[in-house]
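Okay, so here's the structure we're looking at.
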Amino acid sequence: MTTRTLIALVDGSAYSESVCHHAAWIAERTGSKVKIYHVMGRRDAPEKQDLSGAIRLGARSRLLEQLSELDAARAKLAHEHGRAILEDAKAIIEGDGDIEVETRLRQGDLVETITAKEDTADMIVIGKRGEAAATAMEHVGSNLERIVRASHKPVFVANRAFRPISRVLVAFDGGASALKAVDFMARSPLFAGLAVTLVYAGADTAEARTALDNAAATLAAGGITAETRLRPGEPEKVLAEMTGSEGFELLVMGAYGHSRVRSLLIGSTTTEMIRSCKVPVILMR
């Protein structure tokens, strides 16, 4: 059952604008509304310090009062900053089309907030790196990693800059999450009219070719004509080469499973692909 709703996560990072443009692109193609979330974590809350032991005589009560006022001012500023981020994000998405947009400002743990709300959405859109990671190439955002591990919905990982998407590469290995990704694509209007290529990285076997043909048939049943390729080599090398040199603008792949292309984020092919890939990635559990 679809909800026709996307959850887009924004913060103060350089990737938030890209998140907004990609969310707008998805929303227009699927007829969805967008709920933008900015979750203020514990580090956004004012720090509590007990300085009373260092304060003497009549100065104590006044200084404690000033510290309390400072905490309140910090909390107010953090909320104003969060609302400003949400308003900017809303303006970007609405500027990309006639899209219904709602904003949500929350405080607490990001992953707990989103997993509690994921049943109200069809997809989660998040930047490759967050505010803390900035643009350091060796890092994948820790919140991204946690959300992919926790969420049961497709996660769209936006890269730094938005560009229109017309060609999609699907990393397919016949496993459960790969099959789920193909089924999702066949049912979603997001991929209608896009050029789709299914690639199986590994040994050329009858089993591999049958799996590719079955996946192409599933997509065809959903109105998507897909090219199939079987490429020898390690999945991370094959995918990196194809996305880097053949003009694909979106990569779809599984995030879990026993094979290398679908292994969990930590120390995995998935981590490496997100880190090095210059196109957005849709991850499926």
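Residue numbering restarts at 1 in every chain; chains get A, B, ... in the order shown in the structure tokens, and ligands count up from 1 in that same order.
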
I need the alpha helix (DSSP H) residues of region 80-207 of chain A per DSSP on the backbone, written as a PDB file with N, CA and C atoms, in the first residue's frame.
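As written to disk, result-v8.pdb reads:
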ATOM      1  N   GLU A  80      14.784  28.440  16.254  1.00  0.00           N
ATOM      2  CA  GLU A  80      14.674  29.394  15.150  1.00  0.00           C
ATOM      3  C   GLU A  80      15.549  28.970  13.978  1.00  0.00           C
ATOM      4  N   HIS A  81      16.732  28.459  14.291  1.00  0.00           N
ATOM      5  CA  HIS A  81      17.623  27.962  13.236  1.00  0.00           C
ATOM      6  C   HIS A  81      16.981  26.783  12.510  1.00  0.00           C
ATOM      7  N   GLY A  82      16.393  25.866  13.271  1.00  0.00           N
ATOM      8  CA  GLY A  82      15.730  24.718  12.658  1.00  0.00           C
ATOM      9  C   GLY A  82      14.560  25.118  11.782  1.00  0.00           C
ATOM     10  N   ARG A  83      13.770  26.065  12.244  1.00  0.00           N
ATOM     11  CA  ARG A  83      12.630  26.521  11.434  1.00  0.00           C
ATOM     12  C   ARG A  83      13.097  27.238  10.164  1.00  0.00           C
ATOM     13  N   ALA A  84      14.211  27.964  10.260  1.00  0.00           N
ATOM     14  CA  ALA A  84      14.751  28.634   9.081  1.00  0.00           C
ATOM     15  C   ALA A  84      15.209  27.612   8.041  1.00  0.00           C
ATOM     16  N   ILE A  85      15.855  26.539   8.502  1.00  0.00           N
ATOM     17  CA  ILE A  85      16.267  25.470   7.587  1.00  0.00           C
ATOM     18  C   ILE A  85      15.050  24.865   6.894  1.00  0.00           C
ATOM     19  N   LEU A  86      13.985  24.606   7.655  1.00  0.00           N
ATOM     20  CA  LEU A  86      12.773  24.020   7.085  1.00  0.00           C
ATOM     21  C   LEU A  86      12.102  24.951   6.081  1.00  0.00           C
ATOM     22  N   GLU A  87      12.044  26.223   6.382  1.00  0.00           N
ATOM     23  CA  GLU A  87      11.414  27.170   5.468  1.00  0.00           C
ATOM     24  C   GLU A  87      12.202  27.289   4.168  1.00  0.00           C
ATOM     25  N   ASP A  88      13.529  27.304   4.268  1.00  0.00           N
ATOM     26  CA  ASP A  88      14.356  27.339   3.062  1.00  0.00           C
ATOM     27  C   ASP A  88      14.132  26.085   2.217  1.00  0.00           C
ATOM     28  N   ALA A  89      14.084  24.931   2.886  1.00  0.00           N
ATOM     29  CA  ALA A  89      13.877  23.667   2.179  1.00  0.00           C
ATOM     30  C   ALA A  89      12.515  23.640   1.498  1.00  0.00           C
ATOM     31  N   LYS A  90      11.501  24.093   2.194  1.00  0.00           N
ATOM     32  CA  LYS A  90      10.153  24.136   1.614  1.00  0.00           C
ATOM     33  C   LYS A  90      10.122  25.017   0.378  1.00  0.00           C
ATOM     34  N   ALA A  91      10.784  26.174   0.435  1.00  0.00           N
ATOM     35  CA  ALA A  91      10.810  27.095  -0.702  1.00  0.00           C
ATOM     36  C   ALA A  91      11.494  26.462  -1.911  1.00  0.00           C
ATOM     37  N   ILE A  92      12.556  25.703  -1.684  1.00  0.00           N
ATOM     38  CA  ILE A  92      13.262  25.047  -2.788  1.00  0.00           C
ATOM     39  C   ILE A  92      12.355  24.020  -3.457  1.00  0.00           C
ATOM     40  N   ILE A  93      11.691  23.185  -2.652  1.00  0.00           N
ATOM     41  CA  ILE A  93      10.836  22.131  -3.227  1.00  0.00           C
ATOM     42  C   ILE A  93       9.643  22.739  -3.954  1.00  0.00           C
ATOM     43  N   GLU A  94       8.994  23.720  -3.343  1.00  0.00           N
ATOM     44  CA  GLU A  94       7.849  24.353  -3.993  1.00  0.00           C
ATOM     45  C   GLU A  94       8.276  25.096  -5.250  1.00  0.00           C
ATOM     46  N   GLY A  95       9.508  25.575  -5.293  1.00  0.00           N
ATOM     47  CA  GLY A  95      10.003  26.250  -6.478  1.00  0.00           C
ATOM     48  C   GLY A  95      10.239  25.313  -7.650  1.00  0.00           C
ATOM     49  N   LEU A 110      17.493  11.142  15.704  1.00  0.00           N
ATOM     50  CA  LEU A 110      17.011  11.161  14.319  1.00  0.00           C
ATOM     51  C   LEU A 110      16.452   9.813  13.890  1.00  0.00           C
ATOM     52  N   VAL A 111      17.191   8.754  14.151  1.00  0.00           N
ATOM     53  CA  VAL A 111      16.765   7.436  13.690  1.00  0.00           C
ATOM     54  C   VAL A 111      15.483   7.002  14.386  1.00  0.00           C
ATOM     55  N   GLU A 112      15.385   7.243  15.683  1.00  0.00           N
ATOM     56  CA  GLU A 112      14.153   6.898  16.398  1.00  0.00           C
ATOM     57  C   GLU A 112      12.968   7.681  15.842  1.00  0.00           C
ATOM     58  N   THR A 113      13.190   8.945  15.532  1.00  0.00           N
ATOM     59  CA  THR A 113      12.115   9.775  14.978  1.00  0.00           C
ATOM     60  C   THR A 113      11.648   9.246  13.632  1.00  0.00           C
ATOM     61  N   ILE A 114      12.591   8.932  12.751  1.00  0.00           N
ATOM     62  CA  ILE A 114      12.239   8.533  11.390  1.00  0.00           C
ATOM     63  C   ILE A 114      11.661   7.122  11.354  1.00  0.00           C
ATOM     64  N   THR A 115      12.222   6.195  12.123  1.00  0.00           N
ATOM     65  CA  THR A 115      11.661   4.840  12.105  1.00  0.00           C
ATOM     66  C   THR A 115      10.249   4.818  12.677  1.00  0.00           C
ATOM     67  N   ALA A 116       9.955   5.757  13.576  1.00  0.00           N
ATOM     68  CA  ALA A 116       8.593   5.850  14.117  1.00  0.00           C
ATOM     69  C   ALA A 116       7.624   6.386  13.084  1.00  0.00           C
ATOM     70  N   LYS A 117       8.133   7.120  12.094  1.00  0.00           N
ATOM     71  CA  LYS A 117       7.276   7.758  11.094  1.00  0.00           C
ATOM     72  C   LYS A 117       7.348   7.104   9.720  1.00  0.00           C
ATOM     73  N   SER A 142      27.006   9.326   9.401  1.00  0.00           N
ATOM     74  CA  SER A 142      26.652   8.290  10.376  1.00  0.00           C
ATOM     75  C   SER A 142      25.153   8.115  10.474  1.00  0.00           C
ATOM     76  N   ASN A 143      24.391   9.200  10.341  1.00  0.00           N
ATOM     77  CA  ASN A 143      22.932   9.081  10.393  1.00  0.00           C
ATOM     78  C   ASN A 143      22.399   8.313   9.190  1.00  0.00           C
ATOM     79  N   LEU A 144      23.015   8.513   8.026  1.00  0.00           N
ATOM     80  CA  LEU A 144      22.631   7.747   6.839  1.00  0.00           C
ATOM     81  C   LEU A 144      22.816   6.263   7.108  1.00  0.00           C
ATOM     82  N   GLU A 145      23.960   5.901   7.628  1.00  0.00           N
ATOM     83  CA  GLU A 145      24.239   4.499   7.905  1.00  0.00           C
ATOM     84  C   GLU A 145      23.226   3.905   8.869  1.00  0.00           C
ATOM     85  N   ARG A 146      22.910   4.639   9.921  1.00  0.00           N
ATOM     86  CA  ARG A 146      21.969   4.155  10.924  1.00  0.00           C
ATOM     87  C   ARG A 146      20.555   4.026  10.351  1.00  0.00           C
ATOM     88  N   ILE A 147      20.161   4.971   9.515  1.00  0.00           N
ATOM     89  CA  ILE A 147      18.813   4.929   8.939  1.00  0.00           C
ATOM     90  C   ILE A 147      18.674   3.759   7.984  1.00  0.00           C
ATOM     91  N   VAL A 148      19.678   3.527   7.152  1.00  0.00           N
ATOM     92  CA  VAL A 148      19.600   2.403   6.215  1.00  0.00           C
ATOM     93  C   VAL A 148      19.520   1.084   6.964  1.00  0.00           C
ATOM     94  N   ARG A 149      20.229   0.982   8.061  1.00  0.00           N
ATOM     95  CA  ARG A 149      20.206  -0.249   8.845  1.00  0.00           C
ATOM     96  C   ARG A 149      18.867  -0.445   9.561  1.00  0.00           C
ATOM     97  N   ALA A 150      18.206   0.657   9.895  1.00  0.00           N
ATOM     98  CA  ALA A 150      16.980   0.564  10.695  1.00  0.00           C
ATOM     99  C   ALA A 150      15.699   0.582   9.866  1.00  0.00           C
ATOM    100  N   ALA A 176      17.507 -11.561  -2.205  1.00  0.00           N
ATOM    101  CA  ALA A 176      16.206 -11.085  -1.738  1.00  0.00           C
ATOM    102  C   ALA A 176      16.049  -9.580  -1.891  1.00  0.00           C
ATOM    103  N   SER A 177      17.059  -8.812  -1.482  1.00  0.00           N
ATOM    104  CA  SER A 177      16.901  -7.357  -1.565  1.00  0.00           C
ATOM    105  C   SER A 177      16.937  -6.874  -3.008  1.00  0.00           C
ATOM    106  N   ALA A 178      17.694  -7.561  -3.870  1.00  0.00           N
ATOM    107  CA  ALA A 178      17.709  -7.202  -5.281  1.00  0.00           C
ATOM    108  C   ALA A 178      16.350  -7.470  -5.927  1.00  0.00           C
ATOM    109  N   LEU A 179      15.749  -8.590  -5.584  1.00  0.00           N
ATOM    110  CA  LEU A 179      14.412  -8.902  -6.096  1.00  0.00           C
ATOM    111  C   LEU A 179      13.391  -7.885  -5.592  1.00  0.00           C
ATOM    112  N   LYS A 180      13.534  -7.480  -4.333  1.00  0.00           N
ATOM    113  CA  LYS A 180      12.633  -6.480  -3.775  1.00  0.00           C
ATOM    114  C   LYS A 180      12.787  -5.152  -4.508  1.00  0.00           C
ATOM    115  N   ALA A 181      14.020  -4.802  -4.855  1.00  0.00           N
ATOM    116  CA  ALA A 181      14.266  -3.557  -5.583  1.00  0.00           C
ATOM    117  C   ALA A 181      13.602  -3.583  -6.953  1.00  0.00           C
ATOM    118  N   VAL A 182      13.713  -4.699  -7.646  1.00  0.00           N
ATOM    119  CA  VAL A 182      13.106  -4.827  -8.971  1.00  0.00           C
ATOM    120  C   VAL A 182      11.580  -4.764  -8.867  1.00  0.00           C
ATOM    121  N   ASP A 183      11.020  -5.435  -7.878  1.00  0.00           N
ATOM    122  CA  ASP A 183       9.575  -5.392  -7.682  1.00  0.00           C
ATOM    123  C   ASP A 183       9.107  -3.969  -7.374  1.00  0.00           C
ATOM    124  N   PHE A 184       9.855  -3.262  -6.531  1.00  0.00           N
ATOM    125  CA  PHE A 184       9.536  -1.868  -6.216  1.00  0.00           C
ATOM    126  C   PHE A 184       9.562  -1.005  -7.478  1.00  0.00           C
ATOM    127  N   MET A 185      10.580  -1.181  -8.296  1.00  0.00           N
ATOM    128  CA  MET A 185      10.685  -0.401  -9.529  1.00  0.00           C
ATOM    129  C   MET A 185       9.513  -0.676 -10.467  1.00  0.00           C
ATOM    130  N   ALA A 186       9.121  -1.955 -10.568  1.00  0.00           N
ATOM    131  CA  ALA A 186       8.036  -2.325 -11.471  1.00  0.00           C
ATOM    132  C   ALA A 186       6.707  -1.714 -11.052  1.00  0.00           C
ATOM    133  N   ARG A 187       6.548  -1.460  -9.760  1.00  0.00           N
ATOM    134  CA  ARG A 187       5.290  -0.932  -9.242  1.00  0.00           C
ATOM    135  C   ARG A 187       5.264   0.585  -9.109  1.00  0.00           C
ATOM    136  N   ALA A 206      24.567 -19.953 -16.354  1.00  0.00           N
ATOM    137  CA  ALA A 206      23.171 -20.073 -16.772  1.00  0.00           C
ATOM    138  C   ALA A 206      22.244 -19.545 -15.687  1.00  0.00           C
ATOM    139  N   GLU A 207      22.606 -19.776 -14.437  1.00  0.00           N
ATOM    140  CA  GLU A 207      21.788 -19.307 -13.327  1.00  0.00           C
ATOM    141  C   GLU A 207      21.735 -17.774 -13.312  1.00  0.00           C
TER     142      GLU A 207
END

Worksheet entry | From A:Leu219, A:Ile36, A:Ala158, A:Gly175, residue lying nearest Phe191 (chain A) [only C-alpha atoms] |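 Under the stated criterion, the closest residue is A:Leu219.
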
Discussion item. Between CA of Thr225 (chain A) and CA of Met123 (chain A), what is the distance in Å, rounded to a tenth?
Written reply: 23.1 Å

Fill in: Atomic separation - CA of Glu28 (chain A) relative to CA of Thr5 (chain A), Å
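CA of Glu28 (chain A) lies at a distance of 11.2 Å from CA of Thr5 (chain A).
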
Discussion item. Would you pick out the contacts of Val157 (chain A) at 8 Å or less, using only C-alpha atoms, so that residues sharing its chain but fewer than 5 positions from it are not included, and give the list as a list in words?
Written reply: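 The residues that qualify are Val125, Ile126, Gly127, Lys128, Pro280, Val281, Ile282 and Leu283 of chain A.
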
Prev. selection, C-alpha atoms, output as an mmCIF file, in the first residue's frame:
data_model
loop_
_atom_site.group_PDB
_atom_site.id
_atom_site.type_symbol
_atom_site.label_atom_id
_atom_site.label_comp_id
_atom_site.auth_asym_id
_atom_site.auth_seq_id
_atom_site.Cartn_x
_atom_site.Cartn_y
_atom_site.Cartn_z
ATOM 1 C CA VAL A 125 15.423 10.965 1.079
ATOM 2 C CA ILE A 126 18.680 11.827 2.843
ATOM 3 C CA GLY A 127 22.003 13.400 1.909
ATOM 4 C CA LYS A 128 25.130 11.307 1.522
ATOM 5 C CA PRO A 280 22.468 9.263 -6.148
ATOM 6 C CA VAL A 281 21.764 5.770 -4.873
ATOM 7 C CA ILE A 282 18.508 4.045 -3.919
ATOM 8 C CA LEU A 283 19.125 1.418 -1.253
#

Discussion item. Residues of region 98-265 of chain A classed as strand (DSSP E or B) by DSSP on the backbone are to be reported as a PyMOL selection string.
Written reply: chain A and resi 101-107+123-127+155-158+167-171+195-201+226-231+250-254

Output C-alpha atoms for every residue in that selection, as a PDB file, in the first residue's frame.
ATOM      1  CA  VAL A 101       4.987  20.290   1.273  1.00  0.00           C
ATOM      2  CA  GLU A 102       4.739  19.957   5.048  1.00  0.00           C
ATOM      3  CA  THR A 103       7.477  20.715   7.577  1.00  0.00           C
ATOM      4  CA  ARG A 104       8.279  18.994  10.847  1.00  0.00           C
ATOM      5  CA  LEU A 105      10.678  20.254  13.516  1.00  0.00           C
ATOM      6  CA  ARG A 106      11.558  17.613  16.076  1.00  0.00           C
ATOM      7  CA  GLN A 107      14.069  17.151  18.877  1.00  0.00           C
ATOM      8  CA  MET A 123      10.593   6.544   0.619  1.00  0.00           C
ATOM      9  CA  ILE A 124      13.142   8.397   2.732  1.00  0.00           C
ATOM     10  CA  VAL A 125      15.423  10.965   1.079  1.00  0.00           C
ATOM     11  CA  ILE A 126      18.680  11.827   2.843  1.00  0.00           C
ATOM     12  CA  GLY A 127      22.003  13.400   1.909  1.00  0.00           C
ATOM     13  CA  VAL A 155      16.304   5.105   1.104  1.00  0.00           C
ATOM     14  CA  PHE A 156      17.239   7.600  -1.607  1.00  0.00           C
ATOM     15  CA  VAL A 157      20.775   8.878  -0.964  1.00  0.00           C
ATOM     16  CA  ALA A 158      21.284  12.255  -2.632  1.00  0.00           C
ATOM     17  CA  ARG A 167      19.346   6.556 -17.043  1.00  0.00           C
ATOM     18  CA  VAL A 168      19.209   4.077 -14.154  1.00  0.00           C
ATOM     19  CA  LEU A 169      21.654   1.285 -13.341  1.00  0.00           C
ATOM     20  CA  VAL A 170      20.358  -1.578 -11.192  1.00  0.00           C
ATOM     21  CA  ALA A 171      22.888  -3.776  -9.384  1.00  0.00           C
ATOM     22  CA  ALA A 195      16.263   3.966 -19.478  1.00  0.00           C
ATOM     23  CA  VAL A 196      16.983   1.053 -17.120  1.00  0.00           C
ATOM     24  CA  THR A 197      19.923  -1.338 -17.228  1.00  0.00           C
ATOM     25  CA  LEU A 198      20.181  -4.447 -15.049  1.00  0.00           C
ATOM     26  CA  VAL A 199      23.753  -5.574 -14.418  1.00  0.00           C
ATOM     27  CA  TYR A 200      24.910  -8.828 -12.847  1.00  0.00           C
ATOM     28  CA  ALA A 201      28.551  -8.575 -11.755  1.00  0.00           C
ATOM     29  CA  ALA A 226      15.288  -2.988 -19.286  1.00  0.00           C
ATOM     30  CA  GLU A 227      18.580  -3.838 -20.922  1.00  0.00           C
ATOM     31  CA  THR A 228      20.482  -6.675 -19.224  1.00  0.00           C
ATOM     32  CA  ARG A 229      24.229  -7.085 -18.882  1.00  0.00           C
ATOM     33  CA  LEU A 230      26.429  -9.703 -17.285  1.00  0.00           C
ATOM     34  CA  ARG A 231      29.826  -8.256 -16.475  1.00  0.00           C
ATOM     35  CA  LEU A 250      21.039   6.842 -10.592  1.00  0.00           C
ATOM     36  CA  LEU A 251      22.158   3.559  -9.029  1.00  0.00           C
ATOM     37  CA  VAL A 252      19.696   1.122  -7.418  1.00  0.00           C
ATOM     38  CA  MET A 253      21.089  -1.583  -5.176  1.00  0.00           C
ATOM     39  CA  GLY A 254      20.357  -3.738  -2.158  1.00  0.00           C
TER      40      GLY A 254
END

Item to complete: Would you mind telling me which residue in A:Ser166, A:Leu194, A:Arg74, A:Val10 lies nearest to Tyr37 (chain A) when using only C-alpha atoms?
Response: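 Counting only C-alpha atoms, the residue closest to Tyr37 (chain A) is A:Val10.
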
Worksheet item: Between CA of Lys278 (chain A) and CA of Pro235 (chain A), what is the distance, to one decimal in Å?
Response: 16.4 Å
